[in-house]
Amino acid sequence: MAKFPLFEKYAGLKKHVPWMSLAALPTPVAKLDNLGKMVGHHNLWIKRDDKSSDIYGGNKVRKLEFILADALRRGCKWVITYGGIGTNHGLATTIHARRLGLKTALVLIRQPLTDHVQENLLLDHHFGAEIHYAPSNLRGALQTAGIYLRHGKVYFIPPGGSSVLGSLGYVNAALELKKQIDDGLLPEPEYIFCALGSKGTLAGLMLGTRLSGMKTKVVGVRVAMEWVTDTHKTVRLINRLVSLMRKYDKEVPPLKFTMDDLMITHDFLGAEYGAVTQEGEQALDLMERTEGIRLDLTYTAKTMAAMLDFIKKHPEVGKTPILFWDTYNSVDLTDLIRKKHDHAVLPRTLQWCFQDNLITGLKDIDTEF
Ligand SMILES: Cc1ncc(COP(=O)(O)O)c(C=O)c1O
């Protein structure tokens, strides 16, 4: 098994922190030559966390390695988590929990409808999630209570998997990147751009880059409403990560992060979480044409749009290395639902999502399966 940089650097954590291998690590790094030529910046790089698993990748797998290990250690048979109706986190949890014999209950809230939302709902069902739609906070709370009553020992996973434990996955990710830099696979980036949703990715990367002695600035591109991404809570999450790590290994320095350490751009969200933006669509299209890499419109396309805008507005960054952290899964599972799909199996409360068929290729398919 490949070495896990977090435990190599801080052996005390290895003894105490629940963790199991689910991801294919290290994820590759590559230079974005074609994109670079197109936008006139010849030092663009990508960290391909889209390839973090050949079952279902993206940024959630790194978090789930800690979270699901903890659920198993506590003897839970079920996990519960939350998100929008198109949540990637909910799908990743369902798929990886199932590998370990754990069942997943999802409590989902409204977000703008897209083909991706429909696909993820069908895939949630395909992989055995118990799906609940919560049109209000009260309904969400009642559904949660019902899930706990029915299933007994249920493990709670916060939205996006951004518990302190889950966010350790991105401290490790930054240490992994440092090893790749030391191995000469890429230069140390001056900037890393990553999506900022439930905060765990940014929090972990900020701490991990600091712990590994990198000078890199991590820029979070806000893709969710401010009450979700909350900058104070982001700082608190980083400081809680430091506390957790120091509890088990005093080699971890007593770092204290403040609001001044954050670099967040707020300009690429659009109307709301999950809303399609023009800049996002253009970035997605450009990335696909130049590099053949598929982004998503909710997170990674907005992040790429922010990075390209930054390069355009800051010619002084010249040839300085900039890294795009790809957090979107690239394993295409849509064949599973294109071939065999019946949205009637989803809860009645979610049937409104399928009034129009948004998934290309579904129209001609017999849905009688
Ligand atoms: C594809 C993708 N990128 C980025 C994020 C945001 O990461 P975080 O929730 O850790 O801020 C998510 C969260 O669901 C995601 O699905």
# chains A, B, ... in the order shown; residues from 1 in each chain; ligands from 1
call {"tool": "select_by_dssp", "arguments": {"residues": "stretch 129-342 of chain A", "states": "strand (DSSP E)", "output": "MDAnalysis selection string"}}
result
chainID A and resid 130:133 154:156 191:196 217:222 263:265 322:326
call {"tool": "residues_near_ligand", "arguments": {"ligand": "ligand 1", "cutoff": "7 Å", "atoms": "only C-alpha atoms and all ligand atoms", "output": "list in words"}}
result
Gly58, Asn59, Thr87, Asn88, His89, Gly160, Gly161, Ser162, Ala195, Leu196, Gly197, Ser198, Lys199, Gly200, Thr201, Leu202, Asp296, Tyr299, Thr300, Thr327, Tyr328 and Asn329 of chain A
call {"tool": "residues_around", "arguments": {"residues": "A:Leu100", "least_positions_apart": "3", "cutoff": "9 Å", "atoms": "only C-alpha atoms", "output": "number ranges by chain"}}
result
A: 68, 72, 96-97, 103
call {"tool": "write_last_selection", "arguments": {"atoms": "N, CA, C and O atoms", "output": "PDB file, in the first residue's frame"}}
result
ATOM      1  N   LEU A  68     -15.774   7.139   7.414  1.00  0.00           N
ATOM      2  CA  LEU A  68     -16.394   5.804   7.410  1.00  0.00           C
ATOM      3  C   LEU A  68     -15.639   4.849   8.333  1.00  0.00           C
ATOM      4  O   LEU A  68     -16.238   3.959   8.943  1.00  0.00           O
ATOM      5  N   LEU A  72     -17.493   2.756  11.328  1.00  0.00           N
ATOM      6  CA  LEU A  72     -17.322   1.309  11.566  1.00  0.00           C
ATOM      7  C   LEU A  72     -16.806   1.055  12.980  1.00  0.00           C
ATOM      8  O   LEU A  72     -17.277   0.167  13.679  1.00  0.00           O
ATOM      9  N   HIS A  96     -19.308   4.643  -1.379  1.00  0.00           N
ATOM     10  CA  HIS A  96     -18.176   4.118  -0.604  1.00  0.00           C
ATOM     11  C   HIS A  96     -18.640   3.443   0.691  1.00  0.00           C
ATOM     12  O   HIS A  96     -18.022   2.469   1.132  1.00  0.00           O
ATOM     13  N   ALA A  97     -19.739   3.936   1.275  1.00  0.00           N
ATOM     14  CA  ALA A  97     -20.277   3.275   2.474  1.00  0.00           C
ATOM     15  C   ALA A  97     -20.730   1.860   2.108  1.00  0.00           C
ATOM     16  O   ALA A  97     -20.487   0.900   2.849  1.00  0.00           O
ATOM     17  N   LYS A 103     -25.117   1.281   5.282  1.00  0.00           N
ATOM     18  CA  LYS A 103     -26.221   1.849   4.497  1.00  0.00           C
ATOM     19  C   LYS A 103     -26.276   3.366   4.709  1.00  0.00           C
ATOM     20  O   LYS A 103     -25.919   3.853   5.789  1.00  0.00           O
TER      21      LYS A 103
END
call {"tool": "atom_distance", "arguments": {"atom1": "atom CA of A:Glu65", "atom2": "atom CA of A:Met20"}}
result
5.2 Å
call {"tool": "residues_around", "arguments": {"residues": "stretch 357-361 of chain A", "least_positions_apart": "3", "cutoff": "10 Å", "atoms": "only C-alpha atoms", "output": "ChimeraX atom specification"}}
result
/A:113-119,334-335,337-339,353-354,364-365
call {"tool": "write_last_selection", "arguments": {"atoms": "N, CA and C atoms", "output": "mmCIF file, in the first residue's frame"}}
result
data_model
loop_
_atom_site.group_PDB
_atom_site.id
_atom_site.type_symbol
_atom_site.label_atom_id
_atom_site.label_comp_id
_atom_site.auth_asym_id
_atom_site.auth_seq_id
_atom_site.Cartn_x
_atom_site.Cartn_y
_atom_site.Cartn_z
ATOM 1 N N LEU A 113 -32.552 22.688 -10.881
ATOM 2 C CA LEU A 113 -32.565 21.397 -11.597
ATOM 3 C C LEU A 113 -31.641 21.418 -12.806
ATOM 4 N N THR A 114 -30.829 20.396 -12.934
ATOM 5 C CA THR A 114 -30.000 20.221 -14.131
ATOM 6 C C THR A 114 -29.976 18.723 -14.449
ATOM 7 N N ASP A 115 -29.377 18.376 -15.582
ATOM 8 C CA ASP A 115 -29.228 16.951 -15.904
ATOM 9 C C ASP A 115 -28.404 16.250 -14.810
ATOM 10 N N HIS A 116 -27.421 16.968 -14.286
ATOM 11 C CA HIS A 116 -26.551 16.402 -13.258
ATOM 12 C C HIS A 116 -27.347 16.056 -11.987
ATOM 13 N N VAL A 117 -28.289 16.914 -11.641
ATOM 14 C CA VAL A 117 -29.131 16.647 -10.459
ATOM 15 C C VAL A 117 -29.935 15.372 -10.692
ATOM 16 N N GLN A 118 -30.548 15.276 -11.866
ATOM 17 C CA GLN A 118 -31.344 14.070 -12.154
ATOM 18 C C GLN A 118 -30.459 12.827 -12.121
ATOM 19 N N GLU A 119 -29.299 12.931 -12.733
ATOM 20 C CA GLU A 119 -28.387 11.770 -12.758
ATOM 21 C C GLU A 119 -28.025 11.336 -11.337
ATOM 22 N N THR A 334 -22.979 7.273 -15.722
ATOM 23 C CA THR A 334 -24.311 7.551 -16.268
ATOM 24 C C THR A 334 -24.870 6.391 -17.089
ATOM 25 N N ASP A 335 -23.992 5.532 -17.609
ATOM 26 C CA ASP A 335 -24.487 4.359 -18.338
ATOM 27 C C ASP A 335 -25.436 3.533 -17.460
ATOM 28 N N ILE A 337 -27.584 4.449 -15.399
ATOM 29 C CA ILE A 337 -28.963 4.926 -15.327
ATOM 30 C C ILE A 337 -29.555 5.186 -16.709
ATOM 31 N N ARG A 338 -28.680 5.342 -17.703
ATOM 32 C CA ARG A 338 -29.211 5.520 -19.059
ATOM 33 C C ARG A 338 -29.841 4.220 -19.538
ATOM 34 N N LYS A 339 -29.166 3.106 -19.219
ATOM 35 C CA LYS A 339 -29.644 1.817 -19.703
ATOM 36 C C LYS A 339 -30.878 1.371 -18.933
ATOM 37 N N CYS A 353 -38.850 16.623 -9.813
ATOM 38 C CA CYS A 353 -37.524 16.802 -10.449
ATOM 39 C C CYS A 353 -37.495 16.185 -11.845
ATOM 40 N N PHE A 354 -38.466 15.321 -12.162
ATOM 41 C CA PHE A 354 -38.403 14.589 -13.438
ATOM 42 C C PHE A 354 -39.541 14.958 -14.385
ATOM 43 N N ASP A 364 -35.310 8.237 -25.359
ATOM 44 C CA ASP A 364 -35.734 7.099 -26.178
ATOM 45 C C ASP A 364 -35.732 5.799 -25.417
ATOM 46 N N ILE A 365 -35.428 5.892 -24.169
ATOM 47 C CA ILE A 365 -35.244 4.652 -23.432
ATOM 48 C C ILE A 365 -36.531 4.206 -22.753
#
call {"tool": "residues_around", "arguments": {"residues": "A:Gly280", "least_positions_apart": "2", "cutoff": "9 Å", "atoms": "only C-alpha atoms", "output": "VMD selection string"}}
result
chain A and resid 268 276 to 278 282 to 285 296 to 306
call {"tool": "atom_distance", "arguments": {"atom1": "atom CA of A:Pro253", "atom2": "atom CA of A:Arg48"}}
result
28.9 Å
call {"tool": "residues_around", "arguments": {"residues": "A:Asn172", "least_positions_apart": "3", "cutoff": "7 Å", "atoms": "only C-alpha atoms", "output": "list of chain:residue names"}}
result
A:Pro5, A:Leu6, A:Leu168, A:Gly169, A:Leu175, A:Glu176, A:Gly208
call {"tool": "residues_around", "arguments": {"residues": "A:Arg98", "least_positions_apart": "4", "cutoff": "10 Å", "atoms": "only C-alpha atoms", "output": "list in words"}}
result
Trp78, Ala92, Thr93, Thr94, Leu102, Lys103, Thr104, Phe127, Gly128 and Ala129 of chain A
call {"tool": "write_last_selection", "arguments": {"atoms": "C-alpha atoms", "output": "mmCIF file, in the first residue's frame"}}
result
data_model
loop_
_atom_site.group_PDB
_atom_site.id
_atom_site.type_symbol
_atom_site.label_atom_id
_atom_site.label_comp_id
_atom_site.auth_asym_id
_atom_site.auth_seq_id
_atom_site.Cartn_x
_atom_site.Cartn_y
_atom_site.Cartn_z
ATOM 1 C CA TRP A 78 -26.119 3.314 8.940
ATOM 2 C CA ALA A 92 -19.899 9.475 -2.890
ATOM 3 C CA THR A 93 -20.969 8.544 0.638
ATOM 4 C CA THR A 94 -23.596 6.107 -0.622
ATOM 5 C CA LEU A 102 -22.849 0.459 5.562
ATOM 6 C CA LYS A 103 -26.221 1.849 4.497
ATOM 7 C CA THR A 104 -26.769 5.527 3.728
ATOM 8 C CA PHE A 127 -26.529 2.456 -5.123
ATOM 9 C CA GLY A 128 -29.125 1.854 -2.439
ATOM 10 C CA ALA A 129 -29.489 5.180 -0.612
#
call {"tool": "closest_residue", "arguments": {"among": "A:Val228, A:Ile238, A:Met38, A:Ala24", "to": "A:Val164", "atoms": "only C-alpha atoms"}}
result
A:Ile238
call {"tool": "closest_residue", "arguments": {"among": "A:Gly220, A:Gly184, A:Gly101, A:Gly40", "to": "A:Pro315", "atoms": "only C-alpha atoms"}}
result
A:Gly40
call {"tool": "select_by_dssp", "arguments": {"residues": "stretch 80-241 of chain A", "states": "helix (DSSP H, G or I)", "output": "short mmCIF file (atom, residue, chain, number, x, y, z; two decimals) with N, CA, C and O atoms, in the first residue's frame"}}
result
data_model
loop_
_atom_site.label_atom_id
_atom_site.label_comp_id
_atom_site.auth_asym_id
_atom_site.auth_seq_id
_atom_site.Cartn_x
_atom_site.Cartn_y
_atom_site.Cartn_z
N ASN A 88 -22.99 15.67 -4.74
CA ASN A 88 -21.93 14.69 -5.07
C ASN A 88 -21.49 13.99 -3.80
O ASN A 88 -21.15 12.81 -3.80
N HIS A 89 -21.51 14.74 -2.71
CA HIS A 89 -21.09 14.18 -1.42
C HIS A 89 -22.02 13.02 -1.02
O HIS A 89 -21.56 11.98 -0.55
N GLY A 90 -23.33 13.24 -1.22
CA GLY A 90 -24.30 12.18 -0.86
C GLY A 90 -24.06 10.93 -1.69
O GLY A 90 -24.11 9.80 -1.18
N LEU A 91 -23.77 11.14 -2.97
CA LEU A 91 -23.55 9.99 -3.86
C LEU A 91 -22.23 9.28 -3.49
O LEU A 91 -22.18 8.05 -3.40
N ALA A 92 -21.20 10.07 -3.27
CA ALA A 92 -19.90 9.47 -2.89
C ALA A 92 -20.05 8.68 -1.60
O ALA A 92 -19.53 7.56 -1.48
N THR A 93 -20.78 9.23 -0.64
CA THR A 93 -20.97 8.54 0.64
C THR A 93 -21.71 7.23 0.41
O THR A 93 -21.32 6.18 0.93
N THR A 94 -22.79 7.30 -0.36
CA THR A 94 -23.60 6.11 -0.62
C THR A 94 -22.74 5.01 -1.24
O THR A 94 -22.77 3.84 -0.82
N ILE A 95 -21.94 5.37 -2.23
CA ILE A 95 -21.15 4.38 -2.96
C ILE A 95 -20.04 3.79 -2.08
O ILE A 95 -19.87 2.57 -1.99
N HIS A 96 -19.31 4.64 -1.38
CA HIS A 96 -18.18 4.12 -0.60
C HIS A 96 -18.64 3.44 0.69
O HIS A 96 -18.02 2.47 1.13
N ALA A 97 -19.74 3.94 1.28
CA ALA A 97 -20.28 3.27 2.47
C ALA A 97 -20.73 1.86 2.11
O ALA A 97 -20.49 0.90 2.85
N ARG A 98 -21.36 1.75 0.95
CA ARG A 98 -21.85 0.44 0.52
C ARG A 98 -20.71 -0.58 0.36
O ARG A 98 -20.86 -1.75 0.67
N ARG A 99 -19.56 -0.09 -0.11
CA ARG A 99 -18.40 -0.99 -0.22
C ARG A 99 -18.06 -1.61 1.13
O ARG A 99 -17.48 -2.69 1.19
N ASP A 115 -29.38 18.38 -15.58
CA ASP A 115 -29.23 16.95 -15.90
C ASP A 115 -28.40 16.25 -14.81
O ASP A 115 -28.69 15.12 -14.42
N HIS A 116 -27.42 16.97 -14.29
CA HIS A 116 -26.55 16.40 -13.26
C HIS A 116 -27.35 16.06 -11.99
O HIS A 116 -27.11 15.02 -11.35
N VAL A 117 -28.29 16.91 -11.64
CA VAL A 117 -29.13 16.65 -10.46
C VAL A 117 -29.94 15.37 -10.69
O VAL A 117 -29.99 14.48 -9.83
N GLN A 118 -30.55 15.28 -11.87
CA GLN A 118 -31.34 14.07 -12.15
C GLN A 118 -30.46 12.83 -12.12
O GLN A 118 -30.83 11.80 -11.55
N GLU A 119 -29.30 12.93 -12.73
CA GLU A 119 -28.39 11.77 -12.76
C GLU A 119 -28.03 11.34 -11.34
O GLU A 119 -28.09 10.15 -11.00
N ASN A 120 -27.65 12.31 -10.51
CA ASN A 120 -27.22 11.94 -9.16
C ASN A 120 -28.35 11.34 -8.33
O ASN A 120 -28.13 10.40 -7.57
N LEU A 121 -29.57 11.86 -8.50
CA LEU A 121 -30.69 11.27 -7.76
C LEU A 121 -30.89 9.81 -8.18
O LEU A 121 -31.08 8.93 -7.33
N LEU A 122 -30.84 9.57 -9.48
CA LEU A 122 -31.03 8.19 -9.97
C LEU A 122 -29.89 7.29 -9.49
O LEU A 122 -30.10 6.14 -9.13
N LEU A 123 -28.69 7.86 -9.47
CA LEU A 123 -27.54 7.06 -9.01
C LEU A 123 -27.60 6.81 -7.49
O LEU A 123 -27.27 5.72 -7.03
N ASP A 124 -28.07 7.80 -6.73
CA ASP A 124 -28.25 7.59 -5.29
C ASP A 124 -29.14 6.36 -5.08
O ASP A 124 -28.84 5.49 -4.26
N HIS A 125 -30.23 6.34 -5.83
CA HIS A 125 -31.15 5.21 -5.69
C HIS A 125 -30.49 3.92 -6.15
O HIS A 125 -30.56 2.88 -5.48
N HIS A 126 -29.82 3.99 -7.29
CA HIS A 126 -29.17 2.80 -7.84
C HIS A 126 -28.23 2.16 -6.82
O HIS A 126 -28.15 0.94 -6.71
N ASN A 137 -36.59 23.21 6.84
CA ASN A 137 -35.71 22.74 7.93
C ASN A 137 -36.46 21.83 8.88
O ASN A 137 -35.92 20.83 9.36
N LEU A 138 -37.73 22.19 9.13
CA LEU A 138 -38.53 21.39 10.07
C LEU A 138 -38.69 19.97 9.54
O LEU A 138 -38.49 18.98 10.26
N ARG A 139 -39.02 19.88 8.24
CA ARG A 139 -39.17 18.54 7.65
C ARG A 139 -37.86 17.76 7.72
O ARG A 139 -37.83 16.56 8.00
N GLY A 140 -36.77 18.47 7.47
CA GLY A 140 -35.45 17.83 7.54
C GLY A 140 -35.19 17.27 8.94
O GLY A 140 -34.71 16.15 9.11
N ALA A 141 -35.56 18.06 9.96
CA ALA A 141 -35.34 17.63 11.35
C ALA A 141 -36.21 16.43 11.67
O ALA A 141 -35.76 15.46 12.30
N LEU A 142 -37.47 16.47 11.20
CA LEU A 142 -38.37 15.35 11.48
C LEU A 142 -37.89 14.08 10.77
O LEU A 142 -37.92 12.98 11.33
N GLN A 143 -37.45 14.26 9.52
CA GLN A 143 -36.95 13.09 8.78
C GLN A 143 -35.72 12.50 9.47
O GLN A 143 -35.56 11.29 9.58
N THR A 144 -34.85 13.40 9.94
CA THR A 144 -33.65 12.94 10.64
C THR A 144 -34.05 12.13 11.87
O THR A 144 -33.52 11.02 12.11
N ALA A 145 -35.01 12.66 12.64
CA ALA A 145 -35.45 11.96 13.86
C ALA A 145 -35.99 10.58 13.48
O ALA A 145 -35.67 9.58 14.13
N GLY A 146 -36.78 10.53 12.40
CA GLY A 146 -37.36 9.26 11.95
C GLY A 146 -36.27 8.26 11.57
O GLY A 146 -36.35 7.07 11.91
N ILE A 147 -35.23 8.74 10.92
CA ILE A 147 -34.13 7.85 10.49
C ILE A 147 -33.43 7.27 11.73
O ILE A 147 -33.15 6.08 11.80
N TYR A 148 -33.19 8.12 12.72
CA TYR A 148 -32.54 7.63 13.95
C TYR A 148 -33.43 6.62 14.66
O TYR A 148 -32.96 5.60 15.17
N LEU A 149 -34.75 6.89 14.68
CA LEU A 149 -35.67 5.96 15.36
C LEU A 149 -35.72 4.61 14.65
O LEU A 149 -35.69 3.56 15.27
N ARG A 150 -35.77 4.66 13.33
CA ARG A 150 -35.90 3.40 12.57
C ARG A 150 -34.62 2.58 12.56
O ARG A 150 -34.65 1.37 12.62
N HIS A 151 -33.47 3.27 12.44
CA HIS A 151 -32.23 2.52 12.16
C HIS A 151 -31.29 2.37 13.36
O HIS A 151 -30.23 1.77 13.22
N PRO A 159 -22.95 17.97 6.21
CA PRO A 159 -22.97 18.23 4.76
C PRO A 159 -21.54 18.37 4.21
O PRO A 159 -20.69 19.00 4.84
N GLY A 160 -21.30 17.75 3.07
CA GLY A 160 -19.98 17.87 2.43
C GLY A 160 -18.90 17.04 3.11
O GLY A 160 -17.74 17.06 2.68
N GLY A 161 -19.24 16.34 4.19
CA GLY A 161 -18.23 15.52 4.88
C GLY A 161 -17.17 16.35 5.58
O GLY A 161 -16.07 15.87 5.87
N VAL A 164 -14.29 17.70 11.40
CA VAL A 164 -12.85 17.90 11.62
C VAL A 164 -12.11 16.67 11.13
O VAL A 164 -11.10 16.76 10.42
N LEU A 165 -12.67 15.51 11.49
CA LEU A 165 -12.03 14.26 11.09
C LEU A 165 -11.93 14.15 9.56
O LEU A 165 -10.87 13.86 9.00
N GLY A 166 -13.05 14.40 8.87
CA GLY A 166 -13.05 14.31 7.40
C GLY A 166 -12.05 15.27 6.77
O GLY A 166 -11.37 14.92 5.80
N SER A 167 -11.95 16.46 7.35
CA SER A 167 -11.07 17.48 6.75
C SER A 167 -9.59 17.10 6.86
O SER A 167 -8.75 17.64 6.13
N LEU A 168 -9.27 16.16 7.76
CA LEU A 168 -7.89 15.67 7.82
C LEU A 168 -7.45 15.11 6.47
O LEU A 168 -6.27 15.11 6.13
N GLY A 169 -8.42 14.63 5.70
CA GLY A 169 -8.11 14.09 4.37
C GLY A 169 -7.41 15.11 3.49
O GLY A 169 -6.58 14.77 2.66
N TYR A 170 -7.75 16.38 3.70
CA TYR A 170 -7.12 17.41 2.87
C TYR A 170 -5.83 17.96 3.49
O TYR A 170 -5.04 18.60 2.78
N VAL A 171 -5.62 17.71 4.77
CA VAL A 171 -4.28 18.00 5.33
C VAL A 171 -3.33 17.00 4.66
O VAL A 171 -2.27 17.36 4.15
N ASN A 172 -3.77 15.75 4.64
CA ASN A 172 -2.94 14.73 3.98
C ASN A 172 -2.73 15.06 2.50
O ASN A 172 -1.64 14.88 1.96
N ALA A 173 -3.78 15.57 1.85
CA ALA A 173 -3.66 15.88 0.41
C ALA A 173 -2.57 16.91 0.16
O ALA A 173 -1.80 16.81 -0.81
N ALA A 174 -2.48 17.90 1.04
CA ALA A 174 -1.44 18.93 0.87
C ALA A 174 -0.05 18.33 1.10
O ALA A 174 0.91 18.66 0.39
N LEU A 175 0.06 17.44 2.09
CA LEU A 175 1.36 16.79 2.35
C LEU A 175 1.75 15.91 1.16
O LEU A 175 2.92 15.80 0.79
N GLU A 176 0.74 15.30 0.56
CA GLU A 176 0.96 14.47 -0.64
C GLU A 176 1.49 15.35 -1.79
O GLU A 176 2.44 14.97 -2.49
N LEU A 177 0.89 16.52 -1.94
CA LEU A 177 1.35 17.44 -2.98
C LEU A 177 2.80 17.85 -2.73
O LEU A 177 3.61 17.91 -3.66
N LYS A 178 3.13 18.10 -1.47
CA LYS A 178 4.51 18.51 -1.14
C LYS A 178 5.51 17.44 -1.55
O LYS A 178 6.58 17.73 -2.07
N LYS A 179 5.11 16.16 -1.35
CA LYS A 179 5.99 15.06 -1.76
C LYS A 179 6.19 15.08 -3.27
O LYS A 179 7.28 14.84 -3.79
N GLN A 180 5.11 15.36 -3.99
CA GLN A 180 5.21 15.40 -5.45
C GLN A 180 6.11 16.55 -5.90
O GLN A 180 6.85 16.42 -6.87
N ILE A 181 6.04 17.65 -5.16
CA ILE A 181 6.94 18.79 -5.46
C ILE A 181 8.39 18.37 -5.18
O ILE A 181 9.28 18.56 -6.02
N ASP A 182 8.60 17.75 -4.04
CA ASP A 182 9.96 17.30 -3.68
C ASP A 182 10.49 16.27 -4.67
O ASP A 182 11.69 16.20 -4.92
N GLY A 200 -14.25 21.93 4.15
CA GLY A 200 -13.22 20.98 4.56
C GLY A 200 -12.02 20.94 3.63
O GLY A 200 -10.87 20.79 4.09
N THR A 201 -12.26 21.07 2.33
CA THR A 201 -11.16 20.99 1.37
C THR A 201 -10.21 22.17 1.59
O THR A 201 -8.99 21.99 1.75
N LEU A 202 -10.76 23.37 1.61
CA LEU A 202 -9.93 24.56 1.81
C LEU A 202 -9.22 24.52 3.16
O LEU A 202 -8.02 24.78 3.26
N ALA A 203 -9.97 24.16 4.22
CA ALA A 203 -9.39 24.14 5.57
C ALA A 203 -8.20 23.19 5.62
O ALA A 203 -7.11 23.54 6.10
N GLY A 204 -8.40 21.98 5.10
CA GLY A 204 -7.33 20.98 5.13
C GLY A 204 -6.13 21.43 4.31
O GLY A 204 -4.97 21.28 4.74
N LEU A 205 -6.38 21.99 3.13
CA LEU A 205 -5.27 22.41 2.27
C LEU A 205 -4.50 23.56 2.91
O LEU A 205 -3.27 23.61 2.84
N MET A 206 -5.23 24.48 3.54
CA MET A 206 -4.52 25.62 4.16
C MET A 206 -3.60 25.14 5.27
O MET A 206 -2.45 25.57 5.37
N LEU A 207 -4.13 24.24 6.09
CA LEU A 207 -3.29 23.74 7.19
C LEU A 207 -2.15 22.87 6.64
O LEU A 207 -0.99 23.02 7.04
N GLY A 208 -2.48 21.99 5.72
CA GLY A 208 -1.47 21.06 5.20
C GLY A 208 -0.33 21.77 4.48
O GLY A 208 0.84 21.39 4.64
N THR A 209 -0.64 22.81 3.71
CA THR A 209 0.44 23.53 3.03
C THR A 209 1.34 24.22 4.06
O THR A 209 2.55 24.20 3.95
N ARG A 210 0.71 24.79 5.09
CA ARG A 210 1.51 25.46 6.14
C ARG A 210 2.40 24.45 6.88
O ARG A 210 3.58 24.71 7.10
N LEU A 211 1.82 23.31 7.23
CA LEU A 211 2.59 22.31 7.99
C LEU A 211 3.76 21.77 7.18
O LEU A 211 4.78 21.38 7.73
N GLU A 226 -23.41 32.13 1.71
CA GLU A 226 -22.45 32.52 2.73
C GLU A 226 -22.68 31.83 4.08
O GLU A 226 -21.74 31.58 4.83
N TRP A 227 -23.94 31.49 4.38
CA TRP A 227 -24.17 30.83 5.67
C TRP A 227 -23.57 29.42 5.68
O TRP A 227 -23.34 28.84 6.73
N VAL A 228 -23.31 28.88 4.49
CA VAL A 228 -22.67 27.55 4.42
C VAL A 228 -21.15 27.70 4.50
O VAL A 228 -20.48 27.01 5.27
N THR A 229 -20.63 28.64 3.72
CA THR A 229 -19.16 28.74 3.62
C THR A 229 -18.57 29.56 4.78
O THR A 229 -17.37 29.43 5.05
N THR A 231 -16.93 32.42 6.70
CA THR A 231 -15.48 32.55 6.85
C THR A 231 -15.00 32.33 8.30
O THR A 231 -13.95 31.75 8.53
N HIS A 232 -15.81 32.79 9.28
CA HIS A 232 -15.42 32.57 10.68
C HIS A 232 -15.35 31.08 10.98
O HIS A 232 -14.44 30.59 11.65
N LYS A 233 -16.37 30.35 10.44
CA LYS A 233 -16.39 28.91 10.71
C LYS A 233 -15.25 28.21 9.97
O LYS A 233 -14.76 27.17 10.41
N THR A 234 -14.85 28.77 8.82
CA THR A 234 -13.72 28.17 8.09
C THR A 234 -12.46 28.27 8.95
O THR A 234 -11.73 27.29 9.12
N VAL A 235 -12.23 29.45 9.52
CA VAL A 235 -11.05 29.64 10.37
C VAL A 235 -11.15 28.71 11.59
O VAL A 235 -10.17 28.07 11.98
N ARG A 236 -12.37 28.64 12.15
CA ARG A 236 -12.54 27.77 13.33
C ARG A 236 -12.24 26.31 12.98
O ARG A 236 -11.61 25.59 13.74
N LEU A 237 -12.69 25.90 11.79
CA LEU A 237 -12.44 24.51 11.37
C LEU A 237 -10.93 24.25 11.28
O LEU A 237 -10.44 23.21 11.73
N ILE A 238 -10.18 25.20 10.72
CA ILE A 238 -8.72 24.99 10.61
C ILE A 238 -8.11 24.89 12.01
O ILE A 238 -7.30 24.00 12.29
N ASN A 239 -8.55 25.77 12.92
CA ASN A 239 -7.97 25.74 14.27
C ASN A 239 -8.38 24.48 15.03
O ASN A 239 -7.61 23.95 15.83
N ARG A 240 -9.58 23.98 14.74
CA ARG A 240 -10.00 22.72 15.38
C ARG A 240 -9.18 21.54 14.83
O ARG A 240 -8.87 20.59 15.54
N LEU A 241 -8.82 21.65 13.55
CA LEU A 241 -7.94 20.62 12.97
C LEU A 241 -6.59 20.61 13.69
O LEU A 241 -6.06 19.55 14.01
#
call {"tool": "atom_distance", "arguments": {"atom1": "atom CA of A:Met245", "atom2": "atom CA of A:Tyr10"}}
result
8.4 Å
call {"tool": "closest_residue", "arguments": {"among": "A:Lys250, A:Arg222, A:Lys319, A:His132", "to": "A:Asp267", "atoms": "only C-alpha atoms"}}
result
A:Arg222
call {"tool": "closest_residue", "arguments": {"among": "A:Asp332, A:Tyr273, A:Gly213, A:Val17", "to": "A:Gly83", "atoms": "only C-alpha atoms"}}
result
A:Tyr273
call {"tool": "closest_residue", "arguments": {"among": "A:Ala224, A:Ala134, A:Ile311, A:Leu244", "to": "A:Tyr191", "atoms": "only C-alpha atoms"}}
result
A:Ile311
